[in-house]
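Student: Hey, dropping start-v8.txt in here, compact mmCIF, C-alpha atoms:
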# COMPACT_ATOMS: atom_id res chain seq x y z
CA MET A 1 50.94 34.23 40.58
CA ALA A 2 52.62 36.86 38.50
CA ALA A 3 50.79 39.73 36.87
CA SER A 4 51.56 38.32 33.42
CA ASP A 5 49.97 34.99 34.41
CA VAL A 6 46.80 36.76 35.58
CA ALA A 7 46.59 38.74 32.35
CA GLU A 8 47.11 35.59 30.27
CA THR A 9 44.39 33.68 32.22
CA HIS A 10 41.99 36.61 31.84
CA THR A 11 42.66 36.76 28.08
CA GLN A 12 42.12 33.01 27.71
CA SER A 13 38.81 33.15 29.60
CA ARG A 14 37.64 36.11 27.48
CA GLY A 15 38.64 34.23 24.35
CA GLY A 16 36.77 31.15 25.59
CA ARG A 17 33.63 33.20 26.30
CA SER A 18 33.86 34.86 22.90
CA LEU A 19 34.13 31.48 21.22
CA LEU A 20 31.18 30.20 23.27
CA ARG A 21 29.09 33.24 22.30
CA LEU A 22 30.01 32.78 18.66
CA LEU A 23 28.99 29.12 18.79
CA LEU A 24 25.68 29.99 20.51
CA TRP A 25 24.88 32.64 17.90
CA ALA A 26 25.79 30.25 15.07
CA GLY A 27 23.58 27.55 16.62
CA LEU A 28 20.70 29.98 17.02
CA PHE A 29 21.12 31.13 13.41
CA ALA A 30 21.13 27.50 12.18
CA LEU A 31 17.99 26.77 14.23
CA VAL A 32 16.12 29.79 12.84
CA LEU A 33 17.27 29.02 9.30
CA GLY A 34 16.12 25.41 9.66
CA ALA A 35 12.73 26.52 10.97
CA VAL A 36 12.25 29.01 8.13
CA LEU A 37 13.21 26.45 5.49
CA GLY A 38 10.99 23.83 7.12
CA VAL A 39 7.98 26.14 7.12
CA ARG A 40 8.62 27.16 3.50
CA THR A 41 8.84 23.50 2.45
CA ALA A 42 5.64 22.61 4.30
CA VAL A 43 3.77 25.54 2.76
CA ALA A 44 5.02 24.66 -0.74
CA ARG A 45 3.90 21.04 -0.32
CA HIS A 46 0.50 22.16 0.95
CA GLN A 47 0.03 24.57 -1.94
CA ALA A 48 0.94 21.86 -4.42
CA ALA A 49 -1.62 19.51 -2.86
CA VAL A 50 -4.46 22.03 -2.87
CA ILE A 51 -6.58 22.01 -6.00
CA PRO A 52 -7.14 25.55 -7.23
CA ALA A 53 -10.76 26.72 -7.13
CA GLY A 54 -12.63 25.52 -10.17
CA ALA A 55 -9.82 23.28 -11.41
CA GLY A 56 -10.99 19.74 -12.01
CA VAL A 57 -14.32 20.38 -10.30
CA THR A 58 -17.21 18.86 -12.18
CA ALA A 59 -20.79 19.95 -11.70
CA VAL A 60 -23.29 17.40 -10.48
CA PRO A 61 -25.71 16.52 -13.27
CA THR A 62 -29.43 17.05 -12.75
CA SER A 63 -32.47 15.02 -13.70
CA PRO A 64 -35.82 16.69 -14.40
CA ALA A 65 -37.53 13.30 -13.91
CA ILE A 66 -36.03 12.85 -10.42
CA GLU A 67 -36.82 16.44 -9.52
CA GLN A 68 -40.44 15.99 -10.58
CA ARG A 69 -41.09 12.50 -9.13
CA TRP A 70 -38.96 12.71 -6.00
CA GLY A 71 -38.89 16.48 -5.41
CA VAL A 72 -35.12 16.55 -4.81
CA ARG A 73 -31.91 17.60 -6.53
CA PHE A 74 -28.72 15.75 -5.64
CA THR A 75 -25.95 18.24 -4.97
CA HIS A 76 -22.89 16.16 -4.12
CA VAL A 77 -21.34 12.88 -3.05
CA THR A 78 -18.38 13.27 -0.71
CA ILE A 79 -15.95 10.79 0.83
CA LEU A 80 -15.33 11.52 4.52
CA ALA A 81 -13.51 10.02 7.49
CA ASP A 82 -10.45 8.78 5.62
CA GLY A 83 -12.60 7.01 3.03
CA GLY A 84 -14.82 5.09 5.45
CA VAL A 85 -17.92 7.26 5.11
CA VAL A 86 -19.88 8.59 2.13
CA GLU A 87 -22.19 11.60 2.32
CA LEU A 88 -24.93 12.01 -0.27
CA ARG A 89 -26.41 15.49 -0.11
CA TYR A 90 -29.61 16.66 -1.74
CA LEU A 91 -31.82 19.71 -1.80
CA ALA A 92 -35.57 19.33 -1.17
CA LEU A 93 -37.39 21.11 -3.98
CA ASP A 94 -40.99 19.99 -3.41
CA PRO A 95 -42.26 19.13 0.09
CA ALA A 96 -45.08 16.98 -1.29
CA THR A 97 -42.74 14.52 -3.02
CA ALA A 98 -39.42 14.97 -1.18
CA GLY A 99 -40.85 13.45 1.96
CA ARG A 100 -40.50 9.94 0.54
CA LEU A 101 -36.74 10.18 0.46
CA HIS A 102 -36.30 11.31 4.05
CA SER A 103 -39.31 9.53 5.53
CA GLY A 104 -37.28 7.07 7.57
CA SER A 105 -37.80 4.06 5.31
CA LEU A 106 -34.60 2.35 4.17
CA ALA A 107 -36.45 1.11 1.09
CA ASN A 108 -36.69 4.67 -0.25
CA LEU A 109 -33.03 5.57 0.23
CA PRO A 110 -30.87 5.77 -2.89
CA VAL A 111 -28.28 3.16 -3.71
CA LEU A 112 -24.88 4.39 -4.89
CA VAL A 113 -23.12 2.42 -7.62
CA ALA A 114 -19.47 3.06 -8.49
CA GLU A 115 -19.33 3.47 -12.25
CA ASP A 116 -15.74 2.22 -12.58
CA SER A 117 -16.06 -0.98 -10.52
CA GLY A 118 -19.77 -1.66 -10.15
CA LYS A 119 -19.40 -1.81 -6.36
CA VAL A 120 -22.56 -0.84 -4.51
CA VAL A 121 -23.24 1.15 -1.36
CA ARG A 122 -26.72 0.13 -0.25
CA SER A 123 -29.22 1.79 2.02
CA SER A 124 -28.57 -0.93 4.60
CA SER A 125 -25.18 0.72 5.22
CA GLN A 126 -26.90 4.03 5.97
CA MET A 127 -25.54 5.51 9.21
CA PHE A 128 -27.74 8.58 9.72
CA ARG A 129 -29.59 11.40 8.01
CA ALA A 130 -29.40 15.07 8.75
CA HIS A 131 -30.75 18.31 7.37
CA THR A 132 -29.68 21.91 7.32
CA ALA A 133 -32.55 24.26 8.06
CA HIS A 134 -33.21 27.24 5.88
CA ALA A 135 -35.80 29.98 6.30
CA GLY A 136 -39.09 28.66 7.71
CA ASP A 137 -39.97 25.21 8.90
CA ASP A 138 -41.04 23.94 5.50
CA VAL A 139 -39.04 21.08 4.01
CA GLN A 140 -38.66 23.02 0.75
CA GLY A 141 -35.22 24.54 0.37
CA ARG A 142 -33.60 22.39 3.03
CA SER A 143 -30.40 20.56 2.33
CA TYR A 144 -30.41 16.94 3.52
CA SER A 145 -27.60 14.45 3.91
CA VAL A 146 -27.65 10.69 3.96
CA VAL A 147 -24.46 9.25 5.41
CA TYR A 148 -23.47 5.73 4.40
CA GLY A 149 -20.66 3.44 5.50
CA ASN A 150 -18.20 2.88 2.66
CA ALA A 151 -17.45 -0.79 3.28
CA GLY A 152 -14.60 -2.18 1.24
CA ALA A 153 -13.82 1.30 -0.10
CA ALA A 154 -16.53 0.85 -2.73
CA LEU A 155 -16.43 4.55 -3.61
CA HIS A 156 -13.38 6.77 -3.88
CA ALA A 157 -12.70 10.45 -4.40
CA GLY A 158 -12.28 11.26 -8.07
CA GLY A 159 -14.62 8.48 -9.16
CA ARG A 160 -18.17 8.74 -10.42
CA VAL A 161 -21.33 7.12 -9.15
CA SER A 162 -24.86 6.46 -10.27
CA VAL A 163 -27.50 7.40 -7.70
CA VAL A 164 -30.26 4.80 -8.09
CA LEU A 165 -33.68 5.45 -6.56
CA ALA A 166 -36.23 2.87 -5.41
CA ASP A 167 -38.45 3.30 -8.48
CA GLY A 168 -35.55 2.69 -10.87
CA LEU A 169 -34.80 6.30 -11.77
CA HIS A 170 -31.10 7.02 -11.67
CA LEU A 171 -28.71 9.91 -11.94
CA ASP A 172 -25.48 8.88 -13.66
CA HIS A 173 -21.98 10.37 -13.72
CA VAL A 174 -22.16 12.06 -10.32
CA PRO A 175 -18.61 13.08 -9.32
CA VAL A 176 -17.31 11.91 -5.97
CA SER A 177 -15.23 14.45 -4.10
Turn the structure described in the file into C-alpha cells.

Tutor:
Amino acid sequence: MAASDVAETHTQSRGGRSLLRLLLWAGLFALVLGAVLGVRTAVARHQAAVIPAGAGVTAVPTSPAIEQRWGVRFTHVTILADGGVVELRYLALDPATAGRLHSGSLANLPVLVAEDSGKVVRSSSQMFRAHTAHAGDDVQGRSYSVVYGNAGAALHAGGRVSVVLADGLHLDHVPVS
C-alpha cells in the first residue's frame, strides 16, 4: 500500500468518526430538547388543571338548628377514589349531643341527596367512620368522617347536596368537592 493510500484511508476514517460524533451530538441535543419540551408541556397542562386557591371554592353553609340539636357542624363533602367513595366530614361542637351521630347506629347517620338529580346516598352504603383527635380525649373539637359508597355515581364533584338528618333537619346547598 502506498503512502498516499494510507493517508487517504486515515482521512476517510477521521471524516467518518467526525460525522459519527456530529450525529451523536445532534441526537443527544434532540433528546434533551424533546425532554425539556415534554416537561414544559406537562407542567403547563398541570397548571391549567389546578384551580387557583379560592377560585370557585364555595363555603359550606351552616345551620344553627343542626348545631344545637345534633352538636355538629358539617365541614365538607368530598368525592374520593375516582368517584366511588364519598366522605362527609363534620366537627363535633357539643359532646352531649354529637354522640348520636357517631354512636354506631346507622339510623342516625345522615343521608346525602344530590340536589341536581335527586339521587340518594343512604346510611346503608356507609363504609366506615373515623375521627381526627384534637387536644384532650373529649369528643368536642374532633373532626369526624363518615365514608359512604357512591353507588351509581349519585354524587359528583362540583355538584351540591342536601345533608338530611334522622329527625328531618337538613342542610342544603353543600358543595361537593

Student: List the spatial neighbours of Pro64 in chain A as a list of chain:residue names - criterion: any atom at most 12 Å away, all atoms listed in the file, same-chain residues fewer than 2 positions off excluded.

Tutor: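 Counting all atoms listed in the file, the residues come to A:Pro61, A:Thr62, A:Ile66, A:Glu67, A:Gln68, A:Arg69, A:Trp70, A:Gly71, A:Val72, A:Arg73, A:Phe74, A:Leu93, A:Leu169, A:His170, A:Leu171.
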
Student: Selected residues, C-alpha atoms, written as an mmCIF file, in the coordinates of the input, please.

Tutor:
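Saved file again39.cif follows:
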data_model
loop_
_atom_site.group_PDB
_atom_site.id
_atom_site.type_symbol
_atom_site.label_atom_id
_atom_site.label_comp_id
_atom_site.auth_asym_id
_atom_site.auth_seq_id
_atom_site.Cartn_x
_atom_site.Cartn_y
_atom_site.Cartn_z
ATOM 1 C CA PRO A 61 -25.710 16.520 -13.270
ATOM 2 C CA THR A 62 -29.430 17.050 -12.750
ATOM 3 C CA ILE A 66 -36.030 12.850 -10.420
ATOM 4 C CA GLU A 67 -36.820 16.440 -9.520
ATOM 5 C CA GLN A 68 -40.440 15.990 -10.580
ATOM 6 C CA ARG A 69 -41.090 12.500 -9.130
ATOM 7 C CA TRP A 70 -38.960 12.710 -6.000
ATOM 8 C CA GLY A 71 -38.890 16.480 -5.410
ATOM 9 C CA VAL A 72 -35.120 16.550 -4.810
ATOM 10 C CA ARG A 73 -31.910 17.600 -6.530
ATOM 11 C CA PHE A 74 -28.720 15.750 -5.640
ATOM 12 C CA LEU A 93 -37.390 21.110 -3.980
ATOM 13 C CA LEU A 169 -34.800 6.300 -11.770
ATOM 14 C CA HIS A 170 -31.100 7.020 -11.670
ATOM 15 C CA LEU A 171 -28.710 9.910 -11.940
#

Student: Rank A:Gly84, A:Gly141, A:Pro95, A:Gly168 by their smallest atom-to-atom distance to His156 in chain A, using all atoms listed in the file, and report the top residue only.

Tutor: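 Closest to His156 in chain A, using all atoms listed in the file: A:Gly84.
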
Student: Kindly indicate which residue among A:Leu106, A:Pro175, A:Gly83, A:Arg100 lies nearest to Gly152 in chain A, using all atoms listed in the file for the distances.

Tutor: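 When distances to Gly152 in chain A are compared using all atoms listed in the file, the smallest one comes from A:Gly83.
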
Student: Interatomic distance between CA of Val161 in chain A and CA of Asp116 in chain A?

Tutor: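 Value for the CA of Val161 in chain A-CA of Asp116 in chain A distance: 8.2 Å.
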
Student: For CA of Val163 in chain A and CA of Val113 in chain A, determine how far apart the two atoms are, in Å to one decimal place.

Tutor: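 Those two atoms sit 6.6 Å apart.
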
Student: Kindly indicate which residue among A:Ala30, A:Val86, A:Ala92, A:Leu19 lies nearest to Asn150 in chain A, using all atoms listed in the file for the distances.

Tutor: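 Among A:Ala30, A:Val86, A:Ala92, A:Leu19, it is A:Val86 that comes nearest to Asn150 in chain A.
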
Student: Within 7 Å of (-33.0, 8.5, -3.8) (file coordinates; all atoms listed in the file), which protein or nucleic acid residues are there? I'd like them as a list in words.

Tutor: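 Returned residue set, sorted by chain then number, is Leu101, Asn108, Leu109, Pro110, Val163, Val164, Leu165 and Ala166 of chain A.
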
Student: What's around Thr58 in chain A at 10 Å? Count all atoms listed in the file, leave out sequence neighbours fewer than 4 positions away in its own chain, and write the answer as an MDAnalysis selection string.

Tutor: chainID A and resid 54 158 173:177

Student: Under the rule that only C-alpha atoms are counted, which of A:Ala153, A:Ser103, A:Ala98, A:Leu91 is the nearest residue to Val121 in chain A?

Tutor: A:Ala153

Student: Could I get range 151-169 of chain A rebuilt with N, CA and C atoms, written as a PDB file, in the frame of the given file?

Tutor:
ATOM      1  N   ALA A 151     -18.103   0.501   3.060  1.00  0.00           N
ATOM      2  CA  ALA A 151     -17.450  -0.790   3.280  1.00  0.00           C
ATOM      3  C   ALA A 151     -16.653  -1.217   2.059  1.00  0.00           C
ATOM      4  N   GLY A 152     -15.457  -1.704   2.320  1.00  0.00           N
ATOM      5  CA  GLY A 152     -14.600  -2.180   1.240  1.00  0.00           C
ATOM      6  C   GLY A 152     -14.146  -1.088   0.294  1.00  0.00           C
ATOM      7  N   ALA A 153     -14.223   0.155   0.737  1.00  0.00           N
ATOM      8  CA  ALA A 153     -13.820   1.300  -0.100  1.00  0.00           C
ATOM      9  C   ALA A 153     -14.472   1.221  -1.476  1.00  0.00           C
ATOM     10  N   ALA A 154     -15.786   0.974  -1.476  1.00  0.00           N
ATOM     11  CA  ALA A 154     -16.530   0.850  -2.730  1.00  0.00           C
ATOM     12  C   ALA A 154     -16.442   2.112  -3.561  1.00  0.00           C
ATOM     13  N   LEU A 155     -16.508   3.264  -2.906  1.00  0.00           N
ATOM     14  CA  LEU A 155     -16.430   4.550  -3.610  1.00  0.00           C
ATOM     15  C   LEU A 155     -15.135   5.231  -3.239  1.00  0.00           C
ATOM     16  N   HIS A 156     -14.624   6.037  -4.153  1.00  0.00           N
ATOM     17  CA  HIS A 156     -13.380   6.770  -3.880  1.00  0.00           C
ATOM     18  C   HIS A 156     -13.457   8.153  -4.514  1.00  0.00           C
ATOM     19  N   ALA A 157     -12.752   9.085  -3.886  1.00  0.00           N
ATOM     20  CA  ALA A 157     -12.700  10.450  -4.400  1.00  0.00           C
ATOM     21  C   ALA A 157     -12.115  10.435  -5.812  1.00  0.00           C
ATOM     22  N   GLY A 158     -12.730  11.206  -6.688  1.00  0.00           N
ATOM     23  CA  GLY A 158     -12.280  11.260  -8.070  1.00  0.00           C
ATOM     24  C   GLY A 158     -13.072  10.324  -8.977  1.00  0.00           C
ATOM     25  N   GLY A 159     -13.800   9.393  -8.367  1.00  0.00           N
ATOM     26  CA  GLY A 159     -14.620   8.480  -9.160  1.00  0.00           C
ATOM     27  C   GLY A 159     -15.969   9.106  -9.484  1.00  0.00           C
ATOM     28  N   ARG A 160     -16.810   8.314 -10.102  1.00  0.00           N
ATOM     29  CA  ARG A 160     -18.170   8.740 -10.420  1.00  0.00           C
ATOM     30  C   ARG A 160     -19.124   7.647  -9.987  1.00  0.00           C
ATOM     31  N   VAL A 161     -20.318   8.071  -9.591  1.00  0.00           N
ATOM     32  CA  VAL A 161     -21.330   7.120  -9.150  1.00  0.00           C
ATOM     33  C   VAL A 161     -22.639   7.363  -9.884  1.00  0.00           C
ATOM     34  N   SER A 162     -23.465   6.330  -9.863  1.00  0.00           N
ATOM     35  CA  SER A 162     -24.860   6.460 -10.270  1.00  0.00           C
ATOM     36  C   SER A 162     -25.673   6.418  -8.990  1.00  0.00           C
ATOM     37  N   VAL A 163     -26.579   7.367  -8.838  1.00  0.00           N
ATOM     38  CA  VAL A 163     -27.500   7.400  -7.700  1.00  0.00           C
ATOM     39  C   VAL A 163     -28.777   6.751  -8.192  1.00  0.00           C
ATOM     40  N   VAL A 164     -29.108   5.573  -7.627  1.00  0.00           N
ATOM     41  CA  VAL A 164     -30.260   4.800  -8.090  1.00  0.00           C
ATOM     42  C   VAL A 164     -31.355   4.875  -7.036  1.00  0.00           C
ATOM     43  N   LEU A 165     -32.541   5.307  -7.468  1.00  0.00           N
ATOM     44  CA  LEU A 165     -33.680   5.450  -6.560  1.00  0.00           C
ATOM     45  C   LEU A 165     -34.551   4.194  -6.590  1.00  0.00           C
ATOM     46  N   ALA A 166     -35.422   4.073  -5.600  1.00  0.00           N
ATOM     47  CA  ALA A 166     -36.230   2.870  -5.410  1.00  0.00           C
ATOM     48  C   ALA A 166     -37.122   2.544  -6.597  1.00  0.00           C
ATOM     49  N   ASP A 167     -37.557   3.550  -7.340  1.00  0.00           N
ATOM     50  CA  ASP A 167     -38.450   3.300  -8.480  1.00  0.00           C
ATOM     51  C   ASP A 167     -37.684   3.057  -9.780  1.00  0.00           C
ATOM     52  N   GLY A 168     -36.356   2.972  -9.692  1.00  0.00           N
ATOM     53  CA  GLY A 168     -35.550   2.690 -10.870  1.00  0.00           C
ATOM     54  C   GLY A 168     -34.953   3.906 -11.548  1.00  0.00           C
ATOM     55  N   LEU A 169     -35.427   5.097 -11.218  1.00  0.00           N
ATOM     56  CA  LEU A 169     -34.800   6.300 -11.770  1.00  0.00           C
ATOM     57  C   LEU A 169     -33.366   6.381 -11.265  1.00  0.00           C
TER      58      LEU A 169
END
